[in-house]
Amino acid sequence: QVQLVESGGGLVQPGGSLRLSCVASGMILSINGMGWYRQAPGKQRELVATITSSFVTNYADSVKGRFTISRDNVKNTVHLQMNSLKPEDTAVYYCYANYRREIFWGQGTQVTVSS
């Protein structure tokens, strides 16, 4: 079993930055893919960014050039650096981990971009 805990969400003005972090705990040997999804009110959950255990990254077109995903395989953490934030980035951001072909989710952290 893998437990994921996110942190770093909050309220930020347009053009600002936030850094989300997610720590995985449990009886973990090695985690495969990790990443972030988000869900805005009234919308489906959508992929934001993913990163493999060998650090291959993938981004949604809407965040390319603004967001950067990174991970630490020793500490079992994944981060999302979000720059040049826009109001449309407002959502609950969820961390996920793919471990032994099972997907685990964090509880989510709210990001609000507003002036």
# chains A, B, ... in the order shown; residues from 1 in each chain; ligands from 1
$ residues_around --residues "Ala91 in chain A" --least-positions-apart "6" --cutoff "6 Å" --atoms "only C-alpha atoms" --output "short mmCIF file (atom, residue, chain, number, x, y, z; two decimals) with N, CA, C and O atoms, in the first residue's frame"
data_model
loop_
_atom_site.label_atom_id
_atom_site.label_comp_id
_atom_site.auth_asym_id
_atom_site.auth_seq_id
_atom_site.Cartn_x
_atom_site.Cartn_y
_atom_site.Cartn_z
N ARG A 38 -5.24 17.22 -12.40
CA ARG A 38 -6.01 18.28 -11.77
C ARG A 38 -7.47 18.19 -12.18
O ARG A 38 -7.79 17.67 -13.24
N GLN A 39 -8.31 18.75 -11.32
CA GLN A 39 -9.74 18.76 -11.61
C GLN A 39 -10.32 20.10 -11.20
O GLN A 39 -10.28 20.47 -10.02
N ALA A 40 -10.84 20.80 -12.18
CA ALA A 40 -11.50 22.07 -11.94
C ALA A 40 -12.98 21.83 -11.71
O ALA A 40 -13.52 20.80 -12.14
N VAL A 111 -5.35 24.67 -5.70
CA VAL A 111 -4.59 25.78 -6.28
C VAL A 111 -5.60 26.77 -6.85
O VAL A 111 -6.43 26.40 -7.69
#
$ residues_around --residues "Ser25 in chain A" --least-positions-apart "5" --cutoff "8 Å" --atoms "only C-alpha atoms" --output "PyMOL selection string"
chain A and resi 2-4+76
$ closest_residue --among "A:Ile31, A:Val113, A:Leu47, A:Val74" --to "Lys86 in chain A" --atoms "only C-alpha atoms"
A:Val113
$ closest_residue --among "A:Asp72, A:Glu46, A:Asp89, A:Asp61" --to "Val12 in chain A" --atoms "only C-alpha atoms"
A:Asp89
$ atom_distance --atom1 "CA of Lys75 in chain A" --atom2 "CA of Thr112 in chain A"
27.7 Å
$ residues_around --residues "range 66-71 of chain A" --least-positions-apart "3" --cutoff "6 Å" --atoms "only C-alpha atoms" --output "list in words"
Val63, Thr77, Val78, His79, Leu80, Gln81, Met82 and Asn83 of chain A
